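Taking it in order: structure first as structure tokens, then the write-up.
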Amino acid sequence: GQQLNQSPQSMFIQEGEDVSMNCTSSSIFNTWLWYKQDPGEGPVLLIALYKAGELTSNGRLTAQFGITRKDSFLNISASIPSDVGIYFCAGQLLHGGSQGNLIFGKGTKLSVKP
Amino acid sequence: NAGVMQNPRHLVRRRGQEARLRCSPMKGHSHVYWYRQLPEEGLKFMVYLQKENIIDESGMPKERFSAEFPKEGPSILRIQQVVRGDSAAYFCASSPPLAANTGELFFGEGSRLTVL
């Protein structure tokens with residue numbers, strides 16, 4: 001099946017540092033989304049991207065839709081303890097798959113040292 | 001303004017029993033999706049339903065799994081004759097009609113199935 005390669009798998013950072021994570025695929029996507037999941041909870045949408053090259057911010061979060069439509073990155077600036085959690089990229093294929101049939105990466109587990 | 005409601009939050013079943021997971025979408029949302037998450041993994045799409053219709057079931061196992069979204073009441077994901085490999089977190093998500101093709105899904109808190 002289709003795969004999204006998300007990296008890094010996990011990271012420890014000092015509070016206040018910036019964080020960067022990315023997703024790549026061999027397939028072309030028409031939508032990229034970034035979700036955050038806290039322990040025992042469902043994923044919560046952070047940012048949605050719809051156009052190749054699009055750069056979108058949500059507070060301290062910035063995400064970009066790669067120009068090739070095969071990748072996306074998420075940056076978190078000035079991290080704080082509540083940023084801890086698992087971040088998932090998800091994509092909706094340009095060809096094939098219905099709406100809501102999202103392909104998810106395996107997640108980036110973020111831990112912040114207080 | 002309640003979000004997506006799933007129940008039960010935790011369910012324990014013995015091998016061979018049936019599991020029923022329920023999902024009430026957000027108010028005004030007519031599209032429901034079910035995803036499965038194994039430990040340390042991302043979510044895997046299972047099925048997409050609208051009221052009384054299955055739109056895409058390409059992620060559903062061919063046997064033992066079924067889903068419905070009746071005209072009245074919650075969506076149900078049913079797993080018959082459960083096996084240990086069915087142990088996972090099952091997430092329901094919903095979206096409004098106008099969000100068609102955006103991929104913006106609102107997830108519930110999940111139902112965690114443990115098969116003994």
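In the structure tokens, chains take the letters A, B, ... in the order shown, each chain's residues start at 1, and ligands count up from 1 in the order shown.
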Go through chain A residue by residue and, counting only C-alpha atoms, keep those with an atom at most 12 Å from chain B; for each kept residue give the shortest atom pair and its distance in Å to one decimal, ordered by chain and increasing number, as JSON lines.
```
{"residue": "A:Gly1", "atom": "CA", "partner": "B:Gly59", "partner_atom": "CA", "distance": 10.3}
{"residue": "A:Gln2", "atom": "CA", "partner": "B:Lys44", "partner_atom": "CA", "distance": 10.7}
{"residue": "A:Gln3", "atom": "CA", "partner": "B:Gly42", "partner_atom": "CA", "distance": 10.5}
{"residue": "A:Leu4", "atom": "CA", "partner": "B:Gly42", "partner_atom": "CA", "distance": 9.8}
{"residue": "A:Asn5", "atom": "CA", "partner": "B:Gly42", "partner_atom": "CA", "distance": 10.9}
{"residue": "A:Gln6", "atom": "CA", "partner": "B:Gly42", "partner_atom": "CA", "distance": 10.1}
{"residue": "A:Gln9", "atom": "CA", "partner": "B:Glu40", "partner_atom": "CA", "distance": 10.0}
{"residue": "A:Ser10", "atom": "CA", "partner": "B:Glu40", "partner_atom": "CA", "distance": 11.2}
{"residue": "A:Phe29", "atom": "CA", "partner": "B:Gly103", "partner_atom": "CA", "distance": 11.2}
{"residue": "A:Asn30", "atom": "CA", "partner": "B:Thr102", "partner_atom": "CA", "distance": 9.2}
{"residue": "A:Thr31", "atom": "CA", "partner": "B:Gly103", "partner_atom": "CA", "distance": 7.1}
{"residue": "A:Trp32", "atom": "CA", "partner": "B:Gly103", "partner_atom": "CA", "distance": 8.3}
{"residue": "A:Leu33", "atom": "CA", "partner": "B:Gly103", "partner_atom": "CA", "distance": 7.7}
{"residue": "A:Trp34", "atom": "CA", "partner": "B:Glu104", "partner_atom": "CA", "distance": 9.9}
{"residue": "A:Tyr35", "atom": "CA", "partner": "B:Leu105", "partner_atom": "CA", "distance": 9.8}
{"residue": "A:Lys36", "atom": "CA", "partner": "B:Phe107", "partner_atom": "CA", "distance": 11.0}
{"residue": "A:Gln37", "atom": "CA", "partner": "B:Glu109", "partner_atom": "CA", "distance": 9.8}
{"residue": "A:Asp38", "atom": "CA", "partner": "B:Glu109", "partner_atom": "CA", "distance": 9.9}
{"residue": "A:Pro39", "atom": "CA", "partner": "B:Glu109", "partner_atom": "CA", "distance": 10.0}
{"residue": "A:Gly40", "atom": "CA", "partner": "B:Glu109", "partner_atom": "CA", "distance": 7.1}
{"residue": "A:Glu41", "atom": "CA", "partner": "B:Glu109", "partner_atom": "CA", "distance": 4.7}
{"residue": "A:Gly42", "atom": "CA", "partner": "B:Glu109", "partner_atom": "CA", "distance": 4.3}
{"residue": "A:Pro43", "atom": "CA", "partner": "B:Phe107", "partner_atom": "CA", "distance": 6.1}
{"residue": "A:Val44", "atom": "CA", "partner": "B:Phe107", "partner_atom": "CA", "distance": 6.8}
{"residue": "A:Leu45", "atom": "CA", "partner": "B:Glu104", "partner_atom": "CA", "distance": 7.2}
{"residue": "A:Leu46", "atom": "CA", "partner": "B:Glu104", "partner_atom": "CA", "distance": 9.9}
{"residue": "A:Ile47", "atom": "CA", "partner": "B:Glu104", "partner_atom": "CA", "distance": 9.2}
{"residue": "A:Ala48", "atom": "CA", "partner": "B:Glu104", "partner_atom": "CA", "distance": 7.3}
{"residue": "A:Leu49", "atom": "CA", "partner": "B:Thr102", "partner_atom": "CA", "distance": 9.0}
{"residue": "A:Tyr50", "atom": "CA", "partner": "B:Thr102", "partner_atom": "CA", "distance": 7.9}
{"residue": "A:Lys51", "atom": "CA", "partner": "B:Thr102", "partner_atom": "CA", "distance": 11.5}
{"residue": "A:Ile86", "atom": "CA", "partner": "B:Gly42", "partner_atom": "CA", "distance": 9.8}
{"residue": "A:Tyr87", "atom": "CA", "partner": "B:Gly42", "partner_atom": "CA", "distance": 9.7}
{"residue": "A:Phe88", "atom": "CA", "partner": "B:Gly42", "partner_atom": "CA", "distance": 7.3}
{"residue": "A:Cys89", "atom": "CA", "partner": "B:Gly42", "partner_atom": "CA", "distance": 9.1}
{"residue": "A:Ala90", "atom": "CA", "partner": "B:Gly103", "partner_atom": "CA", "distance": 8.9}
{"residue": "A:Gly91", "atom": "CA", "partner": "B:Gly103", "partner_atom": "CA", "distance": 8.0}
{"residue": "A:Gln92", "atom": "CA", "partner": "B:Gly103", "partner_atom": "CA", "distance": 6.7}
{"residue": "A:Leu93", "atom": "CA", "partner": "B:Gly103", "partner_atom": "CA", "distance": 10.2}
{"residue": "A:Leu94", "atom": "CA", "partner": "B:Asn101", "partner_atom": "CA", "distance": 10.5}
{"residue": "A:Gly96", "atom": "CA", "partner": "B:Ser58", "partner_atom": "CA", "distance": 10.8}
{"residue": "A:Gly97", "atom": "CA", "partner": "B:Asp56", "partner_atom": "CA", "distance": 8.1}
{"residue": "A:Ser98", "atom": "CA", "partner": "B:Asp56", "partner_atom": "CA", "distance": 6.6}
{"residue": "A:Gln99", "atom": "CA", "partner": "B:Asn101", "partner_atom": "CA", "distance": 4.8}
{"residue": "A:Gly100", "atom": "CA", "partner": "B:Gly103", "partner_atom": "CA", "distance": 5.1}
{"residue": "A:Asn101", "atom": "CA", "partner": "B:Phe45", "partner_atom": "CA", "distance": 5.9}
{"residue": "A:Leu102", "atom": "CA", "partner": "B:Phe45", "partner_atom": "CA", "distance": 6.5}
{"residue": "A:Ile103", "atom": "CA", "partner": "B:Lys44", "partner_atom": "CA", "distance": 7.0}
{"residue": "A:Phe104", "atom": "CA", "partner": "B:Gly42", "partner_atom": "CA", "distance": 5.6}
{"residue": "A:Gly105", "atom": "CA", "partner": "B:Gly42", "partner_atom": "CA", "distance": 5.6}
{"residue": "A:Lys106", "atom": "CA", "partner": "B:Gly42", "partner_atom": "CA", "distance": 4.3}
{"residue": "A:Gly107", "atom": "CA", "partner": "B:Gly42", "partner_atom": "CA", "distance": 6.2}
{"residue": "A:Thr108", "atom": "CA", "partner": "B:Gly42", "partner_atom": "CA", "distance": 9.9}
{"residue": "A:Lys109", "atom": "CA", "partner": "B:Glu40", "partner_atom": "CA", "distance": 9.6}
```
List every residue of stretch 7-112 of chain A that DSSP, applied to the backbone, labels as strand (DSSP E or B), and write the result as a VMD selection string.
chain A and resid 7 10 to 14 19 to 24 29 to 37 44 to 49 55 to 58 61 to 65 71 to 76 85 to 93 103 to 104 108 to 112
Distance query stretch 19-24 of chain B at most 10 Å, only C-alpha atoms, self and fewer than 3 positions along chain excluded, as number ranges by chain
B: 2-14, 16, 27, 29, 32-34, 65-69, 73-82, 86, 90-94, 108, 110-115
Could you work out how far atom CA of A:Ala52 lies from atom CA of A:Ile67, giving the answer in Å with one decimal?
4.7 Å
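The shortest atom-to-atom distance to A:Val112, with only C-alpha atoms taken into account, belongs to A:Ser79 out of A:Ser72, A:Thr56, A:Ser79, A:Thr62.
Between atom CA of B:Lys51 and atom CA of B:Ser87 lies a distance of 27.3 Å.
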Tell me, as a count of residues only, which residues lie within 8 Å of A:Glu17, counting only C-alpha atoms; anything in the same chain fewer than 4 positions away does not count.
4
Suppose you want the space between atom CA of A:Cys23 and atom CA of B:Met26; what is it in Å?
29.4 Å
